[in-house]
Every structure is written in C-alpha cells, then in structure tokens.
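Step one of this worksheet: look at the structure below.
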Amino acid sequence: MRKFQIYLAFLAAFALVFTSCSKDESDTIPTEEKATLSFGAIVADMANKSANKQSDVGDLPACSEDAPAYVKVVLMKGNEYVIGEDEPYRVDLASGQVFTKEDEALELEPGQYTLEHFATYDAEGNLTWLAPKGGVLEKFVDAPLPLNIDLGAGVKKYVDVSVLCYDDRDVNQYGYQFFEFDTTKAMEFCFFANYCAPSGRHFPARYSVEFSVDGEVIYEAEENINNVGVNEYGDNYADPICFALPDLSEYADDEEYIDYTVTLLDSEGVYDAPENMTITGSLSRNEIEANFDGDSNVDYEHLRFGCDGEVPADDADDDGVADDEDNCPETYNPGQEDADGDGVGNACEDGSGDGDNDGDDNDNDGNDNDGDSDGDDNDGDDNDGDEVAENCDTAYMYGDNELDDLGLYDNANWGWGLVLDEDAFDDEYYEGDGVWRLPFYAGAGQNDVSKGWEAGYIVLTLDGNELEVDIELNEGVSLNESHIYVGADWPESDAPGQFDLGTDTFTVGDAPHIIVHAEVCED
C-alpha cells in the first residue's frame, strides 16, 4: 500500500522564492556536470492582489511570525519521482538565513523537472507557507504548481515559487487533499457503477462520490465525478474513480468509520437519471483491504443503480406520471402521447399489433409479435409447433454483437454474442477477480429487451486461459435446455443445436467469442 502525507493547514499570502547562487549558464560547461538546486525565501504582499480578486476565501489571515526552518518538496522527472515519493523530502535552511543548505539529493542530472509540492515549516514543525496547486487560492499566485524546471549542466538554478500562508483552513482551497499532510497511512478504494433503466437496459453510470469521517467531509461530491464518454467504436463508457482513504489507528479493523454517498447523475445523450437516486454505505479497514489483490492491484467496488428490481411503487418508469395514470407505465414517456386515442401510449405501440408490449397478439392476426421467428408471441403458447414448450421462451446472454447484424448467417435469429476483450462494454458487467455477470434475456424479439424479460444472469469466470460459463436463473425460472459456444471466432452456424460444444468449461486465447442460448420457462 502507498504511504501518504497528511498535513494540517494554515492560510494567507506571501510569495516564496527559492533560489540559489548561480553559475553563469553562458559559460562553457561540460555536459556530464550535474546541476544543483538550493532554495531561498522572500516574502511578498498578497493584500494588493486580493483587491482585484473575486473569491470565496473571506478575510486574509495573518502569517506566522516564526522564522522558517526547513522546506519539504516533491520533485519529479517525467512520471518518475526524483525525491519525495513516499513523503515530501525535507531540506533544511541555513541557520539564520533564508536559503537552504546544500543537499546531495538535489545534485541532479541536466533535464526537465517538475516541482509538485513545496511547503515551509518553522522549527516546531508547524506548516507556515504552501505553494498552491489548485483550489480557490490558486489565482492569488502568479505561478501555481506544478512548476516546470529546466536544468542545464553544471549550474545552480534560480527558481521562484509563489506561496501562501496557512491558518488552519480547508486544504482543498490550495488544491491539496487531507492526506498530503502529517504522515499517516492511506488505503486506495475505487468505485465503478452501472445504471439499470426501467426498460432493462444497462448503462455505464456517471456519478458523484462523497466521503466523510465522523461527519467531516473529506471528499466533496461536486469535486469527485467520474469521467464518461464514447469510445472509437461508438460505445458508451465510464471510468472508475479511486480515492485514498485514511487508515486511522483509533478504529478497530472491523469498525466502519468511513461513510460514503454515491449519487447517480445524468449522462448526456445516454440517459436521464431519476432524481435523488443514491447508494450509501460505510467502510471498515477490513472491507477496504478486501479489495486488494496484491500491493499494486485494487478491485473496484461495483455498484448498481436500479438493478435490484426495486423501483418506486407509484412511478415504475420514473417519468413523473403515477403508474395508475400512466398510459405506458413501464416505458419512460412523460408527455403521455397517444396518437390513436386507445389509451395505450405511443411509446408502447410499435405497429405490430402488440399494443402493450406483453407479447400477446392484441389484434388477433396470428402474427409473431416479438419478431423472433419462433411463432411464440410470448403468451406461453407454442403457436407454430416449433417445440418451444408452453410457458417457455428462447433466451440469450446479452452481448456487444447482435447475431443478425454480423452478416454471417442467412435468416439470422435474434440474439447476441459477446467478444470478451475487456472493452468498455465488458467493463459494465465486470465484478472483479476475473468474473463478468451479464443479463440473460428471454423472449426479446428483434433484440428489443423491452419486449422480453430477465430470466437471470450468465456468469463468466476467466482464470488464466480457462473460461467457465455458469447460468444463474431468477427465482421461478427453470431451464429446459442450453447451448454454449466459445471460440476464437463466430460459429459457422447460428443454429444453437449445431454450435453447442457440450461443455461449460473452455480453454481460450485472447478475446474469446461467446454465445449462450437456452430455452427457459416460468414456473
């Protein structure tokens, strides 16, 4: 696990310049010579700048009168730490002076560096000045961190660093997190989330996260929202979001002391989030560490908004119209459009004769309203004698490829296949530890899940090059027969009886192609 620094803070404003005696960079310098940094401090007046700044800072505090004794820094070269990886590195000031003593750690190879952290302390170890790297106070300095430093060979570089004073204010105002001050251990914890819409469709979720300890917020929701977008293949994706949580020794291993609230947010062009849909919980040290799979690997905590089948009893589709007044109660249609005046909303009519999407042949024309070519209109009857039993339906595992869009099969059935290549689609259903859990839809003709029903889930477990496929059925659902295909490419035929490989365990390479088909029945 990583170590972090947690510093308690103080505010106001001055400009700190760390500098050095310098060798003339125009001299001829052997390229193998190292460069050297030493730091000095100078106080500037922040009050003049504040007159022209609009901010939420409030009154400017007074700086400490105690003399600075040392600085702490984090210096990087590219993505590599030079000093300060485990904690900011201390450099002492010369006695009675405002510049630092020489330090071997600051004898550096020529190159490009960035200063990521800079703080000044008095002799008692109290933080007095800090260089901001974000937050509302960033605008009070000319050059906030990170600060680029170009070191030539054989020189002592002059570097100016603007700093502000501290007076025990929220460290977020300076762009820092609580754990960056006063050494304490921290634990990494990550969230990933899906949103299950009333239609049955799953989306990668956009959400905010707030953490608190004993009622004190340590991560604010407004500042901690995950990234979402569309990848090069046109698929929606959402990134997980990770946090460093304090490992506080005063709490027992199984004592839950860190509280979180995760709030579902609108995802533009993807879905509109129901109002005030949140997931709350508390974490103990044991619960956080349970997500660790080795020091450098952290499994996501996978959250599911609306995926437990529980929706508000009076408005199942969250369209603002109560179910007893909604002309299409399970499909979002806040406008309640009804072109033919039959009491069934346009959103529930597709011109097939199945006015309410229950699979029944409402216009009595004998047509197969669900479009799956099995003669079953999802009312439980075997309409065309194709050996689909009464009260049963064809079911497929949900996937990122529709079989009838592959262009491989004549008169392709409805259904899906999955390429398990760990792309954004797969991430939606990833449980951690090499396990994916995907919906198992029955009677979803034309690959329209709103016409079908969830028979359960398909669980894929990948351990090295061994893939296991398990079928988890919902309560009240039974299985008549199943067919599983796993291969390096799609099967030559999409007829389930021909592609079934007679096993549920497979040896696979990269990006296996998977189809799971079954006949399921409601008891």
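Residue numbering restarts at 1 in every chain; chains get A, B, ... in the order shown in the structure tokens, and ligands count up from 1 in that same order.
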
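These are the residues of stretch 226-320 of chain A assigned alpha helix (DSSP H) by DSSP from backbone coordinates: Arg285, Asn286, Glu287, Ile288 and Glu289 of chain A.
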
Near-A:Phe506 list (8 Å; only C-alpha atoms; drop same-chain fewer than 4 positions) as a PyMOL selection string: chain A and resi 466-468+486

Generate the output file for the selected residues, N, CA, C and O atoms, as a CSV table (one decimal), in the first residue's frame.
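Result written to again_33.csv:
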```
chain,number,residue,atom,x,y,z
A,466,GLU,N,-8.5,-20.4,-18.8
A,466,GLU,CA,-9.7,-21.3,-18.6
A,466,GLU,C,-10.9,-20.4,-18.4
A,466,GLU,O,-10.9,-19.6,-17.4
A,467,LEU,N,-11.9,-20.6,-19.2
A,467,LEU,CA,-13.2,-19.8,-19.0
A,467,LEU,C,-14.3,-20.8,-18.6
A,467,LEU,O,-14.5,-21.8,-19.3
A,468,GLU,N,-15.0,-20.4,-17.6
A,468,GLU,CA,-16.1,-21.2,-17.1
A,468,GLU,C,-17.4,-20.4,-17.3
A,468,GLU,O,-17.4,-19.2,-17.0
A,486,VAL,N,-18.1,-21.2,-27.4
A,486,VAL,CA,-16.9,-20.4,-27.1
A,486,VAL,C,-15.9,-20.7,-28.1
A,486,VAL,O,-15.5,-21.9,-28.3
```

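Note that the spacing between atom CA of A:Asp448 and atom CA of A:Phe203 amounts to 15.2 Å.
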
message: Taking the DSSP secondary structure from the backbone, can you list the residues of stretch 34-242 of chain A that are strand (DSSP E or B), as a count of residues only?
response: 92

message: I need the residue nearest A:Phe191 from this list: A:Glu210, A:Glu454, A:Asp142, A:Glu472. Use only C-alpha atoms for the distance.
response: A:Glu210

- prompt: Any idea what's packed within 9 Å of stretch 395-406 of chain A, counting only C-alpha atoms, ignoring anything in its chain fewer than 6 positions away? Could you give it as number ranges by chain?
  reply: A: 412-419, 425-426, 438-444, 446-447, 454-455, 457-458, 494, 514-520

With N, CA, C and O atoms retained, write the just-selected residues as a tab-separated table (two decimals), in the first residue's frame.
```
chain	number	residue	atom	x	y	z
A	412	ALA	N	-30.94	-14.87	-39.94
A	412	ALA	CA	-30.41	-14.99	-38.59
A	412	ALA	C	-31.49	-14.79	-37.54
A	412	ALA	O	-32.39	-13.98	-37.69
A	413	ASN	N	-31.40	-15.59	-36.48
A	413	ASN	CA	-32.29	-15.42	-35.35
A	413	ASN	C	-31.91	-14.14	-34.61
A	413	ASN	O	-30.83	-13.59	-34.78
A	414	TRP	N	-32.83	-13.69	-33.74
A	414	TRP	CA	-32.44	-12.64	-32.81
A	414	TRP	C	-31.47	-13.27	-31.81
A	414	TRP	O	-31.36	-14.49	-31.69
A	415	GLY	N	-30.82	-12.42	-31.07
A	415	GLY	CA	-29.88	-12.91	-30.06
A	415	GLY	C	-28.58	-12.13	-30.12
A	415	GLY	O	-28.35	-11.32	-31.03
A	416	TRP	N	-27.72	-12.39	-29.14
A	416	TRP	CA	-26.47	-11.66	-29.03
A	416	TRP	C	-25.29	-12.61	-28.88
A	416	TRP	O	-25.44	-13.76	-28.44
A	417	GLY	N	-24.14	-12.10	-29.24
A	417	GLY	CA	-22.87	-12.75	-28.94
A	417	GLY	C	-21.96	-11.74	-28.26
A	417	GLY	O	-22.15	-10.53	-28.39
A	418	LEU	N	-20.98	-12.23	-27.55
A	418	LEU	CA	-20.06	-11.36	-26.80
A	418	LEU	C	-18.62	-11.66	-27.19
A	418	LEU	O	-18.22	-12.83	-27.23
A	419	VAL	N	-17.85	-10.60	-27.49
A	419	VAL	CA	-16.40	-10.73	-27.62
A	419	VAL	C	-15.81	-10.24	-26.30
A	419	VAL	O	-15.89	-9.05	-25.97
A	425	PHE	N	-17.69	-2.10	-23.01
A	425	PHE	CA	-18.91	-2.89	-22.82
A	425	PHE	C	-18.70	-3.93	-21.73
A	425	PHE	O	-19.51	-4.08	-20.82
A	426	ASP	N	-17.60	-4.65	-21.81
A	426	ASP	CA	-17.32	-5.69	-20.81
A	426	ASP	C	-17.18	-5.09	-19.42
A	426	ASP	O	-17.59	-5.70	-18.42
A	438	LEU	N	-23.55	-11.04	-16.81
A	438	LEU	CA	-24.33	-10.39	-17.86
A	438	LEU	C	-25.78	-10.85	-17.81
A	438	LEU	O	-26.08	-12.00	-17.47
A	439	PRO	N	-26.72	-9.96	-18.19
A	439	PRO	CA	-28.14	-10.31	-18.19
A	439	PRO	C	-28.43	-11.45	-19.17
A	439	PRO	O	-27.79	-11.58	-20.22
A	440	PHE	N	-29.45	-12.23	-18.84
A	440	PHE	CA	-29.90	-13.36	-19.65
A	440	PHE	C	-31.36	-13.07	-20.01
A	440	PHE	O	-32.25	-13.23	-19.19
A	441	TYR	N	-31.57	-12.57	-21.26
A	441	TYR	CA	-32.89	-12.10	-21.67
A	441	TYR	C	-33.65	-13.19	-22.42
A	441	TYR	O	-33.11	-13.85	-23.31
A	442	ALA	N	-34.95	-13.31	-22.08
A	442	ALA	CA	-35.83	-14.26	-22.75
A	442	ALA	C	-36.91	-13.51	-23.52
A	442	ALA	O	-37.40	-12.47	-23.07
A	443	GLY	N	-37.28	-14.06	-24.70
A	443	GLY	CA	-38.38	-13.50	-25.47
A	443	GLY	C	-38.16	-12.09	-25.98
A	443	GLY	O	-39.11	-11.39	-26.28
A	444	ALA	N	-36.91	-11.67	-26.11
A	444	ALA	CA	-36.60	-10.29	-26.52
A	444	ALA	C	-36.45	-10.22	-28.03
A	444	ALA	O	-35.36	-9.98	-28.56
A	446	GLN	N	-36.25	-9.33	-31.90
A	446	GLN	CA	-35.60	-8.20	-32.58
A	446	GLN	C	-34.58	-7.52	-31.66
A	446	GLN	O	-34.26	-6.36	-31.82
A	447	ASN	N	-34.08	-8.30	-30.68
A	447	ASN	CA	-33.08	-7.79	-29.72
A	447	ASN	C	-33.59	-6.58	-28.95
A	447	ASN	O	-32.80	-5.72	-28.54
A	454	GLU	N	-36.11	-10.74	-17.96
A	454	GLU	CA	-34.83	-11.23	-17.48
A	454	GLU	C	-35.02	-12.59	-16.82
A	454	GLU	O	-35.68	-12.71	-15.80
A	455	ALA	N	-34.42	-13.60	-17.44
A	455	ALA	CA	-34.50	-14.95	-16.88
A	455	ALA	C	-33.45	-15.17	-15.81
A	455	ALA	O	-33.55	-16.12	-15.03
A	457	TYR	N	-28.95	-14.47	-15.04
A	457	TYR	CA	-27.66	-13.93	-15.43
A	457	TYR	C	-26.74	-15.06	-15.91
A	457	TYR	O	-26.88	-16.21	-15.50
A	458	ILE	N	-25.82	-14.67	-16.79
A	458	ILE	CA	-24.74	-15.57	-17.20
A	458	ILE	C	-23.46	-15.07	-16.52
A	458	ILE	O	-23.11	-13.91	-16.65
A	494	ASP	N	-25.56	-20.30	-36.79
A	494	ASP	CA	-26.12	-19.73	-35.57
A	494	ASP	C	-27.23	-20.62	-35.02
A	494	ASP	O	-27.93	-20.22	-34.08
A	514	ILE	N	-18.32	-15.56	-27.56
A	514	ILE	CA	-19.19	-16.36	-26.68
A	514	ILE	C	-20.65	-16.15	-27.06
A	514	ILE	O	-21.09	-15.00	-27.24
A	515	ILE	N	-21.41	-17.25	-27.17
A	515	ILE	CA	-22.86	-17.21	-27.34
A	515	ILE	C	-23.46	-18.19	-26.34
A	515	ILE	O	-23.03	-19.35	-26.26
A	516	VAL	N	-24.44	-17.72	-25.57
A	516	VAL	CA	-25.17	-18.61	-24.65
A	516	VAL	C	-26.65	-18.52	-24.99
A	516	VAL	O	-27.24	-17.44	-24.96
A	517	HIS	N	-27.23	-19.67	-25.35
A	517	HIS	CA	-28.64	-19.77	-25.75
A	517	HIS	C	-29.31	-20.80	-24.86
A	517	HIS	O	-28.69	-21.76	-24.41
A	518	ALA	N	-30.59	-20.60	-24.61
A	518	ALA	CA	-31.31	-21.58	-23.80
A	518	ALA	C	-32.80	-21.47	-24.05
A	518	ALA	O	-33.29	-20.49	-24.65
A	519	GLU	N	-33.52	-22.49	-23.59
A	519	GLU	CA	-34.97	-22.43	-23.50
A	519	GLU	C	-35.31	-22.38	-22.02
A	519	GLU	O	-34.94	-23.28	-21.25
A	520	VAL	N	-35.94	-21.29	-21.61
A	520	VAL	CA	-36.26	-21.09	-20.20
A	520	VAL	C	-37.77	-21.02	-20.02
A	520	VAL	O	-38.49	-20.60	-20.93
```

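The spacing separating atom CA of A:Ala153 from atom CA of A:Ser95 amounts to 28.4 Å.
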
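Residues in contact range of A:Leu115, defined as at most 9 Å between only C-alpha atoms, with sequence neighbours fewer than 4 positions away removed, read Val73, Val74, Leu75, Met76, Leu145, Pro146, Leu147, Asn148 and Ile149 of chain A.
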
May I have the residues from that selection written out with C-alpha atoms, as a short mmCIF file (atom, residue, chain, number, x, y, z; two decimals), in the first residue's frame?
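Result file follows (selection_10.cif):
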```cif
data_model
loop_
_atom_site.label_atom_id
_atom_site.label_comp_id
_atom_site.auth_asym_id
_atom_site.auth_seq_id
_atom_site.Cartn_x
_atom_site.Cartn_y
_atom_site.Cartn_z
CA VAL A 73 9.41 19.26 -1.61
CA VAL A 74 8.33 16.67 -4.16
CA LEU A 75 10.31 16.77 -7.39
CA MET A 76 9.63 14.63 -10.46
CA LEU A 145 2.31 24.20 -9.04
CA PRO A 146 3.27 22.07 -10.84
CA LEU A 147 6.23 24.23 -11.79
CA ASN A 148 8.46 23.28 -14.71
CA ILE A 149 12.22 23.49 -14.10
#
```

message: Which residues are near stretch 215-221 of chain A? Cut-off 9 Å, only C-alpha atoms, ignore same chain within fewer than 4 positions. Put them as number ranges by chain.
response: A: 177-178, 207-211, 225, 243, 245, 259, 261-263

message: Give me, as a list of chain:residue names, all polymer residues having an atom no more than 12 Å from A:Asp214, counting only C-alpha atoms and skipping those fewer than 5 positions away in the same chain.
response: A:Leu248, A:Tyr251, A:Glu256, A:Tyr257, A:Ile258, A:Asp259, A:Tyr260, A:Ser282

Can you spit out the residues from that selection as a PDB file, in the first residue's frame, using all heavy atoms?
```pdb
ATOM      1  N   LEU A 248      -7.038   5.004   9.978  1.00  0.00           N
ATOM      2  CA  LEU A 248      -6.950   5.622  11.298  1.00  0.00           C
ATOM      3  C   LEU A 248      -6.845   4.547  12.376  1.00  0.00           C
ATOM      4  O   LEU A 248      -7.746   3.715  12.542  1.00  0.00           O
ATOM      5  CB  LEU A 248      -8.173   6.510  11.544  1.00  0.00           C
ATOM      6  CG  LEU A 248      -8.376   7.629  10.504  1.00  0.00           C
ATOM      7  CD1 LEU A 248      -9.603   8.468  10.845  1.00  0.00           C
ATOM      8  CD2 LEU A 248      -7.139   8.513  10.405  1.00  0.00           C
ATOM      9  N   TYR A 251      -9.479   3.190  15.168  1.00  0.00           N
ATOM     10  CA  TYR A 251     -10.623   2.345  14.842  1.00  0.00           C
ATOM     11  C   TYR A 251     -10.177   0.900  14.664  1.00  0.00           C
ATOM     12  O   TYR A 251      -9.119   0.633  14.091  1.00  0.00           O
ATOM     13  CB  TYR A 251     -11.319   2.833  13.571  1.00  0.00           C
ATOM     14  CG  TYR A 251     -11.933   4.206  13.697  1.00  0.00           C
ATOM     15  CD1 TYR A 251     -11.231   5.342  13.278  1.00  0.00           C
ATOM     16  CD2 TYR A 251     -13.199   4.377  14.237  1.00  0.00           C
ATOM     17  CE1 TYR A 251     -11.793   6.613  13.400  1.00  0.00           C
ATOM     18  CE2 TYR A 251     -13.768   5.638  14.358  1.00  0.00           C
ATOM     19  CZ  TYR A 251     -13.055   6.750  13.944  1.00  0.00           C
ATOM     20  OH  TYR A 251     -13.607   7.988  14.056  1.00  0.00           O
ATOM     21  N   GLU A 256     -16.670   0.177  11.122  1.00  0.00           N
ATOM     22  CA  GLU A 256     -16.960   1.017   9.959  1.00  0.00           C
ATOM     23  C   GLU A 256     -16.932   2.484  10.374  1.00  0.00           C
ATOM     24  O   GLU A 256     -17.796   2.939  11.119  1.00  0.00           O
ATOM     25  CB  GLU A 256     -18.312   0.646   9.357  1.00  0.00           C
ATOM     26  CG  GLU A 256     -18.341  -0.774   8.775  1.00  0.00           C
ATOM     27  CD  GLU A 256     -19.677  -1.140   8.170  1.00  0.00           C
ATOM     28  OE1 GLU A 256     -20.697  -0.522   8.574  1.00  0.00           O
ATOM     29  OE2 GLU A 256     -19.723  -2.036   7.309  1.00  0.00           O
ATOM     30  N   TYR A 257     -15.948   3.218   9.878  1.00  0.00           N
ATOM     31  CA  TYR A 257     -15.794   4.615  10.278  1.00  0.00           C
ATOM     32  C   TYR A 257     -15.764   5.583   9.090  1.00  0.00           C
ATOM     33  O   TYR A 257     -15.757   6.797   9.275  1.00  0.00           O
ATOM     34  CB  TYR A 257     -14.531   4.801  11.118  1.00  0.00           C
ATOM     35  CG  TYR A 257     -13.221   4.515  10.405  1.00  0.00           C
ATOM     36  CD1 TYR A 257     -12.514   5.544   9.777  1.00  0.00           C
ATOM     37  CD2 TYR A 257     -12.698   3.237  10.365  1.00  0.00           C
ATOM     38  CE1 TYR A 257     -11.314   5.299   9.127  1.00  0.00           C
ATOM     39  CE2 TYR A 257     -11.500   2.979   9.722  1.00  0.00           C
ATOM     40  CZ  TYR A 257     -10.803   3.998   9.115  1.00  0.00           C
ATOM     41  OH  TYR A 257      -9.617   3.743   8.471  1.00  0.00           O
ATOM     42  N   ILE A 258     -15.738   5.070   7.875  1.00  0.00           N
ATOM     43  CA  ILE A 258     -15.731   5.918   6.685  1.00  0.00           C
ATOM     44  C   ILE A 258     -17.079   5.756   5.975  1.00  0.00           C
ATOM     45  O   ILE A 258     -17.453   4.647   5.588  1.00  0.00           O
ATOM     46  CB  ILE A 258     -14.589   5.534   5.729  1.00  0.00           C
ATOM     47  CG1 ILE A 258     -13.243   5.668   6.438  1.00  0.00           C
ATOM     48  CG2 ILE A 258     -14.619   6.404   4.472  1.00  0.00           C
ATOM     49  CD1 ILE A 258     -12.065   5.212   5.610  1.00  0.00           C
ATOM     50  N   ASP A 259     -17.811   6.845   5.845  1.00  0.00           N
ATOM     51  CA  ASP A 259     -19.137   6.817   5.222  1.00  0.00           C
ATOM     52  C   ASP A 259     -19.070   7.377   3.808  1.00  0.00           C
ATOM     53  O   ASP A 259     -18.300   8.305   3.538  1.00  0.00           O
ATOM     54  CB  ASP A 259     -20.128   7.652   6.046  1.00  0.00           C
ATOM     55  CG  ASP A 259     -20.235   7.164   7.481  1.00  0.00           C
ATOM     56  OD1 ASP A 259     -20.319   5.948   7.687  1.00  0.00           O
ATOM     57  OD2 ASP A 259     -20.223   8.020   8.397  1.00  0.00           O
ATOM     58  N   TYR A 260     -19.873   6.809   2.902  1.00  0.00           N
ATOM     59  CA  TYR A 260     -19.901   7.311   1.529  1.00  0.00           C
ATOM     60  C   TYR A 260     -21.330   7.470   1.034  1.00  0.00           C
ATOM     61  O   TYR A 260     -22.247   6.767   1.479  1.00  0.00           O
ATOM     62  CB  TYR A 260     -19.111   6.410   0.583  1.00  0.00           C
ATOM     63  CG  TYR A 260     -19.657   5.004   0.411  1.00  0.00           C
ATOM     64  CD1 TYR A 260     -20.707   4.728  -0.464  1.00  0.00           C
ATOM     65  CD2 TYR A 260     -19.088   3.931   1.105  1.00  0.00           C
ATOM     66  CE1 TYR A 260     -21.195   3.438  -0.636  1.00  0.00           C
ATOM     67  CE2 TYR A 260     -19.563   2.639   0.940  1.00  0.00           C
ATOM     68  CZ  TYR A 260     -20.612   2.397   0.081  1.00  0.00           C
ATOM     69  OH  TYR A 260     -21.092   1.123  -0.083  1.00  0.00           O
ATOM     70  N   SER A 282     -21.009   2.327   4.539  1.00  0.00           N
ATOM     71  CA  SER A 282     -19.892   2.608   5.429  1.00  0.00           C
ATOM     72  C   SER A 282     -18.840   1.528   5.246  1.00  0.00           C
ATOM     73  O   SER A 282     -19.162   0.384   4.892  1.00  0.00           O
ATOM     74  CB  SER A 282     -20.360   2.650   6.890  1.00  0.00           C
ATOM     75  OG  SER A 282     -21.329   3.662   7.080  1.00  0.00           O
TER      76      SER A 282
END
```

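Among A:Gly407, A:Gly134, A:Pro512, A:Gly281, the residue with the shortest atom-to-atom distance to A:Gln173, counting only C-alpha atoms, is A:Gly134.
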
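Counting only C-alpha atoms and comparing A:Val163, A:Leu264, A:Leu93, A:Val449, the residue that lies closest to A:His117 is A:Val163.
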